[in-house]
Every structure is written in structure tokens, then in C-alpha cells.
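Q: Take a look at the following structure, please.
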Amino acid sequence: MNLRNTRVLLTGAAGGIGAATAHALARAGAELAVAGRTGAELQKLCAGIGAHGGKAQPVIADLTSFAGRQALAEEATRRLGGVDLLVNLAGQLDFTPFEAEDPVAIERLMQVNLIAPIQLTRLLLPAMLKQGSGRIVNVGSAFGSIGFPYFAVYSSSKFGLRGFSQALRRELHGSGVGVTYVAPRATRTPLNSSAVVRMNEALKVAMDPPEQVAAAIVRAIEQERAEVYLGWPEKLFTRLNAVWPGLVDGALRKQHAIMRKFAHGA
Ligand SMILES: NC(=O)c1ccc[n+]([C@@H]2O[C@H](COP(=O)([O-])OP(=O)(O)OC[C@H]3O[C@@H](n4cnc5c(N)ncnc54)[C@H](OP(=O)(O)O)[C@@H]3O)[C@@H](O)[C@H]2O)c1
């Protein structure tokens, strides 16, 4: 997909990976509607993009409700005159022993990570099909392929997003509208609490800079890739978990004590 003059709705745009992706898309010539909950953050982002000659407009939206998603889809379409590329990047994370999860927060996380991307796609897809071109990009996670202890809710939201992406990509074959699923590994952004960062250090898990992830997302769009998994050895574990999950059970069991310690707030 050629990004020059492509009209993009990007959710989670003020976050770590989101801001880097917004800048990278704007550098490639895209025209952006950047979505988030805080006007000041979005204004700062748009000013930064504008200072480098790019085009971006802020749209304030909370993705936990259908009303918020509908208003976002309508406002982005109105401001840009249509949406050619939807990047579902907003996300929440919860690193907690499952029995201690706040039941209401479970629903919120599923709304933002899974229901919002599905409904935004539903709202914007008809116009893309009508024009015979477009792309949906869903940002998942390595944990969308590997069920990870103490990230049960987050993992299930990203497993769902991966399944949605695969099914829809197959359904839309030949329509001119493509679907890309990008699965980053751990990345240095505010999404990860200090407990997650300390656990990653203890487990010697590498954390990528957000700019590197943003560059991979833009490359995946330009190359119209179906699925992209980032990082080594995460790529290998993703495949192993699909064909030989017992092996990954064993590997994770060895690390369980460290994970439990940090999940319990060490
Ligand atoms: N960081 C990692 O280690 C990592 C690894 C793999 C995958 N990912 C995925 O990458 C994506 C971006 O994550 P990040 O690391 O950039 O996280 P981040 O810095 O915490 O940013 C998350 C973004 O999601 C938005 N968001 C959260 N709840 C929202 C809601 N109710 N309504 C609207 N927007 C909401 C936030 O918007 P506000 O600006 O309004 O707060 C924020 O911009 C997520 O989907 C995440 O799952 C991240």
C-alpha cells in the first residue's frame, strides 16, 4: 500500500508505539486522524507532526463504549473525507494473578483491545469495500499466540484479535481490502508497569524501542503483509506454541516462580 495521501485513522496515537507510528506514517506521506482520550496530548502530537511537514488532526474518543467508537468513526471520516487505512493500536494491559483481577477492569480491557477494533472495522469497512480498496491493521502481541501466565485477560484479548484478523482477511480475499496483524514483543512504553519491566529484566526478556516497532508496522502496511511477528526468540516460541504447546508449557514452568513474584507485587 502506498501511504502517500492515504487517509489514516490511528487509535492509541498518543501512546508509546502510537506516537512513533503516527510520526512514521506522516513521514511516509499519510494524512492522519489521531485518536486518544486527552486533547492536550493529541494536540502536542499533531503540532510535532506538523512541524516536520506532516498532516495530522486530533480526534478525542474513549473506546470503552460503542457510542465512543461510533463517534470516532464518524468524526474521522468527516475530517479526512474518508478512511483508507484503520490502524487499531489502542490497548490496555493487566499483569495480575487472575483470581485478583478486578472483574470490571476485565470487561474494560476486552472492550478496548478486542471489541473496539472489531466494531471500528465494522463501521469503516463498508466505505472501503465500496471504493474497492483499503486496509485494516490490528496490533496484537506475542501474547496473542502464547498464553502467558499472569496476563490471562490480555492474552485472551490478543488471541481474539489474531483470530478476527485471520478470519476477516480470508473473508475479504479479492475485495481490494486487506487485513494485517502485527504482533510486537515487549516494548519500552508506559503500557508496562515497573513490575513488568523488572520481571522482563529478571527473565532476560528483550524490550524493543517503540520507534523500531513503528517502523515494522509501517513496513508491514507498505508490503501488505498478512501477519508480522517481531523479535527473536519470540517468533520461534510463537511457532513452537502452535505445534508443540507442551514444550512451551515446560519452558514457562521453569520461569513461573519469577513471574509469580512480580505479579504479586514484588
Ligand atoms: N508495550 C508493549 O510491551 C507491547 C507489546 C506488544 C504489543 N503491544 C501493543 O501495542 C499497542 C500500543 O501499546 P503501547 O505500548 O504504545 O501502550 P501505551 O503507551 O500505554 O499506549 C496505549 C494507548 O492506548 C490508548 N487507550 C487505552 N485505553 C483507551 C480507551 N479506553 N480509549 C481510547 N484509547 C485508549 C491510550 O490512549 P490515551 O492516550 O487516551 O491514554 C494510549 O494512547 C497496544 O495494543 C499493545 O497491546 C505493546
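By order of appearance in the C-alpha cells: chains A, B, ..., then residues from 1 within every chain, and ligands from 1 in the order shown.
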Residues at most 9 Å from Ala61 in chain A, counting only C-alpha atoms, excluding those fewer than 3 positions away in the same chain, as a count of residues only?

A: 9

Q: As a list in words, please: the residues near Pro210 in chain A (cut-off 10 Å, only C-alpha atoms, same-chain neighbours under 3 positions excluded).

A: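 Residues meeting the cut-off are Gly15, Gly16, Ile17, Gly18, Ala19, Ala20, Thr21, Pro184, Ala186, Thr187, Arg188, Thr189, Met207, Val213, Ala214, Ala215 and Ala216 of chain A.
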
Q: Which residues of range 41-85 of chain A have any atom within 12 Å of an atom in range 127-150 of chain A when counting only C-alpha atoms, and what is the closest pair of atoms for each, with the distance in Å to one decimal? Order the rows by chain and rising number and write it as a Markdown table.

A:
| residue | atom | partner | partner_atom | distance |
| --- | --- | --- | --- | --- |
| A:Ala73 | CA | A:Ala127 | CA | 11.3 |
| A:Glu74 | CA | A:Ala127 | CA | 11.7 |
| A:Thr77 | CA | A:Ala127 | CA | 9.7 |
| A:Gly81 | CA | A:Ala127 | CA | 11.0 |
| A:Gly82 | CA | A:Ala127 | CA | 7.8 |
| A:Val83 | CA | A:Met128 | CA | 7.5 |
| A:Asp84 | CA | A:Gly134 | CA | 4.7 |
| A:Leu85 | CA | A:Arg135 | CA | 4.9 |

Q: Once you have the residues from the selection above, write them out as a short mmCIF file (atom, residue, chain, number, x, y, z; two decimals), in the first residue's frame, restricted to all heavy atoms.

A:
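Contents of out_25.cif, freshly written:
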data_model
loop_
_atom_site.label_atom_id
_atom_site.label_comp_id
_atom_site.auth_asym_id
_atom_site.auth_seq_id
_atom_site.Cartn_x
_atom_site.Cartn_y
_atom_site.Cartn_z
N ALA A 73 -15.47 6.96 14.49
CA ALA A 73 -15.50 6.57 13.06
C ALA A 73 -16.13 7.70 12.23
O ALA A 73 -15.61 8.06 11.16
CB ALA A 73 -16.30 5.28 12.89
N GLU A 74 -17.20 8.30 12.76
CA GLU A 74 -17.89 9.37 12.01
C GLU A 74 -17.02 10.62 11.90
O GLU A 74 -16.90 11.22 10.84
CB GLU A 74 -19.22 9.71 12.70
CG GLU A 74 -20.28 8.65 12.43
CD GLU A 74 -21.56 8.85 13.26
OE1 GLU A 74 -21.67 9.89 13.97
OE2 GLU A 74 -22.42 7.97 13.20
N THR A 77 -14.02 10.09 9.56
CA THR A 77 -14.49 10.06 8.16
C THR A 77 -14.80 11.48 7.68
O THR A 77 -14.43 11.88 6.58
CB THR A 77 -15.75 9.17 8.04
OG1 THR A 77 -15.41 7.86 8.50
CG2 THR A 77 -16.24 9.09 6.61
N GLY A 81 -12.48 13.06 5.03
CA GLY A 81 -13.22 12.84 3.78
C GLY A 81 -13.25 11.37 3.40
O GLY A 81 -13.49 11.02 2.24
N GLY A 82 -13.01 10.49 4.40
CA GLY A 82 -12.99 9.03 4.15
C GLY A 82 -11.79 8.43 4.87
O GLY A 82 -10.85 9.16 5.20
N VAL A 83 -11.85 7.14 5.12
CA VAL A 83 -10.71 6.46 5.78
C VAL A 83 -10.27 5.29 4.90
O VAL A 83 -11.06 4.41 4.59
CB VAL A 83 -11.11 5.95 7.19
CG1 VAL A 83 -10.00 5.11 7.80
CG2 VAL A 83 -11.46 7.12 8.12
N ASP A 84 -9.00 5.32 4.47
CA ASP A 84 -8.46 4.25 3.62
C ASP A 84 -7.74 3.19 4.46
O ASP A 84 -7.57 2.06 4.02
CB ASP A 84 -7.43 4.82 2.63
CG ASP A 84 -7.99 5.99 1.85
OD1 ASP A 84 -9.04 5.83 1.22
OD2 ASP A 84 -7.36 7.08 1.89
N LEU A 85 -7.28 3.61 5.64
CA LEU A 85 -6.47 2.71 6.47
C LEU A 85 -6.85 2.92 7.94
O LEU A 85 -6.78 4.04 8.44
CB LEU A 85 -4.98 3.05 6.27
CG LEU A 85 -3.95 2.38 7.17
CD1 LEU A 85 -3.89 0.88 6.95
CD2 LEU A 85 -2.56 2.99 6.92
#

Q: Residues within 9 Å of Val8 in chain A, please, as a list in words. Count only C-alpha atoms; anything in the same chain fewer than 6 positions from it doesn't count.

A: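 Residues near the query, excluding close chain neighbours: Leu25, Ala30, Glu31, Leu32, Ala33, Val34, Ala76, Leu80, Gly82, Val83, Asp84, Leu85, Leu86 and Val87 of chain A.
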
Q: Rank A:Pro209, A:Gly265, A:Gly246, A:Gly29 by their smallest atom-to-atom distance to ligand 1, using only C-alpha atoms and all ligand atoms, and report the top residue only.

A: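 Distance minimum relative to ligand 1 lands on A:Pro209.
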
Q: Write out as a list in words which residues come within 12 Å of Ala47 in chain A when counting only C-alpha atoms, dropping same-chain ones fewer than 4 positions away.

A: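 Neighbouring residues, sequence-local ones excluded: Ala19, Ala22, His23, Val34, Ala40, Glu41, Leu42, Gln43, Ala51, His52, Gly53, Gly54, Lys55, Ala56, Gln57 and Pro58 of chain A.
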
Q: Excluding same-chain residues fewer than 6 positions from Gln166 in chain A, what lies within 10 Å of it counting only C-alpha atoms, as a compact mmCIF listing (two decimals) with all heavy atoms, in the first residue's frame?

A:
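Printed below is out_28.txt as written:
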# COMPACT_ATOMS: atom_id res chain seq x y z
N GLY A 160 -7.95 -13.26 20.55
CA GLY A 160 -9.19 -12.94 19.84
C GLY A 160 -8.91 -12.03 18.66
O GLY A 160 -9.47 -12.22 17.57
N VAL A 179 -6.10 -7.13 5.30
CA VAL A 179 -6.01 -7.13 6.76
C VAL A 179 -4.59 -7.53 7.15
O VAL A 179 -4.06 -8.53 6.66
CB VAL A 179 -7.02 -8.11 7.40
CG1 VAL A 179 -6.91 -8.08 8.92
CG2 VAL A 179 -8.45 -7.78 6.96
N THR A 180 -3.99 -6.74 8.03
CA THR A 180 -2.64 -7.02 8.52
C THR A 180 -2.69 -7.16 10.04
O THR A 180 -3.30 -6.33 10.72
CB THR A 180 -1.69 -5.85 8.16
OG1 THR A 180 -1.59 -5.77 6.74
CG2 THR A 180 -0.30 -6.05 8.74
N TYR A 181 -2.06 -8.22 10.55
CA TYR A 181 -1.94 -8.40 12.01
C TYR A 181 -0.46 -8.28 12.36
O TYR A 181 0.36 -9.02 11.82
CB TYR A 181 -2.49 -9.77 12.41
CG TYR A 181 -2.29 -10.12 13.87
CD1 TYR A 181 -3.12 -9.59 14.85
CD2 TYR A 181 -1.26 -10.97 14.25
CE1 TYR A 181 -2.93 -9.90 16.19
CE2 TYR A 181 -1.06 -11.28 15.60
CZ TYR A 181 -1.90 -10.75 16.55
OH TYR A 181 -1.70 -11.05 17.88
N ALA A 226 0.32 -10.12 5.62
CA ALA A 226 -0.82 -10.70 6.33
C ALA A 226 -0.57 -10.69 7.84
O ALA A 226 -1.40 -10.22 8.63
CB ALA A 226 -1.07 -12.13 5.84
N GLU A 227 0.58 -11.22 8.23
CA GLU A 227 0.92 -11.30 9.66
C GLU A 227 2.40 -11.02 9.83
O GLU A 227 3.22 -11.51 9.05
CB GLU A 227 0.63 -12.71 10.21
CG GLU A 227 -0.84 -13.05 10.29
CD GLU A 227 -1.08 -14.37 11.00
OE1 GLU A 227 -0.13 -15.15 11.18
OE2 GLU A 227 -2.24 -14.61 11.38

Q: Taking the DSSP secondary structure from the backbone, can you list the residues of range 195-241 of chain A that are alpha helix (DSSP H), as an MDAnalysis selection string?

A: chainID A and resid 195:202 210:222 234:241

Q: Just list as a ChimeraX atom specification whatever in range 16-252 of chain A DSSP marks as strand (DSSP E or B).

A: /A:31-36,55-60,85-88,134-139,177-183,187,208,227-229

Q: For each of A:Asn2, A:Leu203, A:Ala183, A:Glu224, take the minimum atom-to-atom distance to Thr238 in chain A, counting only C-alpha atoms, then give the residue where this is smallest.

A: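 Looking at the shortest contact to Thr238 in chain A, the residue is A:Ala183.
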
Q: Counting only C-alpha atoms and all ligand atoms, figure out which residue out of A:Gly174, A:Pro233, A:Gly50, A:Pro117 gets nearest to ligand 1.

A: A:Pro117

Q: Between atom 26 (N, counted along the ligand's line) of ligand 1 and CA of Gln92 in chain A, measure the distance and give it in Å to one decimal.

A: 6.3 Å

Q: Could you check the closest approach to Leu45 in chain A for each of A:Leu168, A:Asn192, A:Pro97, A:Ala26 and tell me which residue wins, using only C-alpha atoms?

A: A:Ala26

Q: Hey, what's within 12 Å of Met199 in chain A if we count only C-alpha atoms and toss same-chain stuff fewer than 3 positions away? As JSON, numbers by chain, please?

A: {"A": [95, 150, 186, 192, 193, 194, 195, 196, 202, 203, 204, 205, 206, 207, 255, 256, 257, 258, 259, 260, 261, 262, 263, 264, 265, 266]}

Q: Restrict the selected residues to N, CA and C atoms and save them as a compact mmCIF listing (two decimals), in the first residue's frame.

A:
# COMPACT_ATOMS: atom_id res chain seq x y z
N PHE A 95 -1.33 -7.00 34.44
CA PHE A 95 -0.39 -8.05 34.88
C PHE A 95 -0.74 -8.39 36.31
N TYR A 150 -0.28 -14.92 34.24
CA TYR A 150 -0.48 -13.61 34.87
C TYR A 150 -0.86 -12.51 33.86
N ALA A 186 7.75 -7.45 23.79
CA ALA A 186 7.82 -6.40 24.82
C ALA A 186 8.50 -5.15 24.25
N ASN A 192 3.77 -0.87 30.07
CA ASN A 192 4.36 -1.83 31.01
C ASN A 192 4.64 -1.17 32.35
N SER A 193 4.04 -1.71 33.40
CA SER A 193 4.28 -1.20 34.75
C SER A 193 5.73 -1.50 35.14
N SER A 194 6.19 -0.91 36.23
CA SER A 194 7.57 -1.19 36.65
C SER A 194 7.71 -2.66 37.03
N ALA A 195 6.64 -3.29 37.50
CA ALA A 195 6.72 -4.72 37.83
C ALA A 195 6.98 -5.55 36.57
N VAL A 196 6.34 -5.17 35.45
CA VAL A 196 6.56 -5.90 34.19
C VAL A 196 8.00 -5.69 33.72
N ALA A 202 14.50 -9.60 34.94
CA ALA A 202 14.85 -10.84 35.65
C ALA A 202 14.82 -12.04 34.71
N LEU A 203 13.91 -12.03 33.75
CA LEU A 203 13.78 -13.17 32.81
C LEU A 203 14.67 -12.99 31.58
N LYS A 204 15.40 -11.86 31.55
CA LYS A 204 16.26 -11.52 30.39
C LYS A 204 15.44 -11.44 29.09
N VAL A 205 14.24 -10.87 29.21
CA VAL A 205 13.39 -10.64 28.04
C VAL A 205 13.76 -9.29 27.44
N ALA A 206 14.09 -9.27 26.15
CA ALA A 206 14.47 -8.02 25.49
C ALA A 206 13.24 -7.14 25.31
N MET A 207 13.45 -5.81 25.40
CA MET A 207 12.35 -4.86 25.17
C MET A 207 12.76 -3.93 24.03
N GLN A 255 10.07 -20.75 34.58
CA GLN A 255 10.15 -19.31 34.92
C GLN A 255 9.02 -18.87 35.84
N HIS A 256 8.17 -19.84 36.20
CA HIS A 256 6.93 -19.48 36.89
C HIS A 256 7.16 -18.75 38.21
N ALA A 257 8.15 -19.20 38.97
CA ALA A 257 8.37 -18.60 40.30
C ALA A 257 8.70 -17.11 40.17
N ILE A 258 9.50 -16.77 39.15
CA ILE A 258 9.88 -15.36 38.94
C ILE A 258 8.64 -14.55 38.54
N MET A 259 7.84 -15.12 37.63
CA MET A 259 6.63 -14.39 37.19
C MET A 259 5.68 -14.17 38.37
N ARG A 260 5.49 -15.21 39.16
CA ARG A 260 4.54 -15.12 40.29
C ARG A 260 4.99 -14.02 41.26
N LYS A 261 6.30 -13.98 41.51
CA LYS A 261 6.83 -12.98 42.45
C LYS A 261 6.46 -11.56 41.99
N PHE A 262 6.70 -11.26 40.73
CA PHE A 262 6.43 -9.90 40.25
C PHE A 262 4.92 -9.63 40.11
N ALA A 263 4.16 -10.66 39.70
CA ALA A 263 2.70 -10.48 39.57
C ALA A 263 2.07 -10.20 40.92
N HIS A 264 2.69 -10.72 41.99
CA HIS A 264 2.16 -10.48 43.33
C HIS A 264 2.71 -9.19 43.93
N GLY A 265 3.40 -8.38 43.07
CA GLY A 265 3.80 -7.04 43.50
C GLY A 265 5.16 -6.95 44.14
N ALA A 266 6.05 -7.89 43.85
CA ALA A 266 7.41 -7.84 44.44
C ALA A 266 8.17 -6.67 43.88

Q: Need to verify the contact set: Ala116 in chain A, 9 Å, only C-alpha atoms, exclusion of same-chain residues closer than 4 positions in sequence. Can you return it as an MDAnalysis selection string?

A: chainID A and resid 63:66 69 88 90 110:112 120:121

Q: Go ahead and dump the residues you just picked, N, CA and C atoms, as a compact mmCIF listing (two decimals), in the first residue's frame.

A:
# COMPACT_ATOMS: atom_id res chain seq x y z
N LEU A 63 -12.66 4.51 23.83
CA LEU A 63 -13.03 3.30 23.08
C LEU A 63 -13.76 2.26 23.92
N THR A 64 -14.09 2.61 25.18
CA THR A 64 -14.76 1.60 26.00
C THR A 64 -16.26 1.48 25.69
N SER A 65 -16.82 2.43 24.93
CA SER A 65 -18.26 2.32 24.63
C SER A 65 -18.49 2.32 23.13
N PHE A 66 -19.62 1.72 22.73
CA PHE A 66 -19.97 1.74 21.30
C PHE A 66 -20.17 3.18 20.84
N ARG A 69 -16.92 4.72 19.96
CA ARG A 69 -16.34 4.18 18.71
C ARG A 69 -17.08 4.74 17.49
N ASN A 88 -5.75 -0.16 14.32
CA ASN A 88 -6.25 -0.42 15.67
C ASN A 88 -5.07 -0.70 16.58
N ALA A 90 -4.77 1.10 19.93
CA ALA A 90 -5.03 1.36 21.36
C ALA A 90 -5.08 0.05 22.12
N MET A 110 -11.21 -5.94 27.60
CA MET A 110 -11.72 -6.64 26.41
C MET A 110 -12.40 -5.65 25.45
N GLN A 111 -13.07 -4.65 26.00
CA GLN A 111 -13.73 -3.64 25.16
C GLN A 111 -12.68 -2.89 24.32
N VAL A 112 -11.61 -2.45 24.98
CA VAL A 112 -10.61 -1.63 24.27
C VAL A 112 -9.76 -2.49 23.32
N LEU A 120 -14.88 -0.91 15.15
CA LEU A 120 -14.39 0.16 14.25
C LEU A 120 -14.24 -0.38 12.83
N THR A 121 -13.76 -1.62 12.74
CA THR A 121 -13.64 -2.24 11.41
C THR A 121 -15.01 -2.35 10.76

Q: For CA of Phe164 in chain A and CA of Leu114 in chain A, determine how far apart the two atoms are, in Å to one decimal place.

A: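 Between CA of Phe164 in chain A and CA of Leu114 in chain A the gap works out to 8.9 Å.
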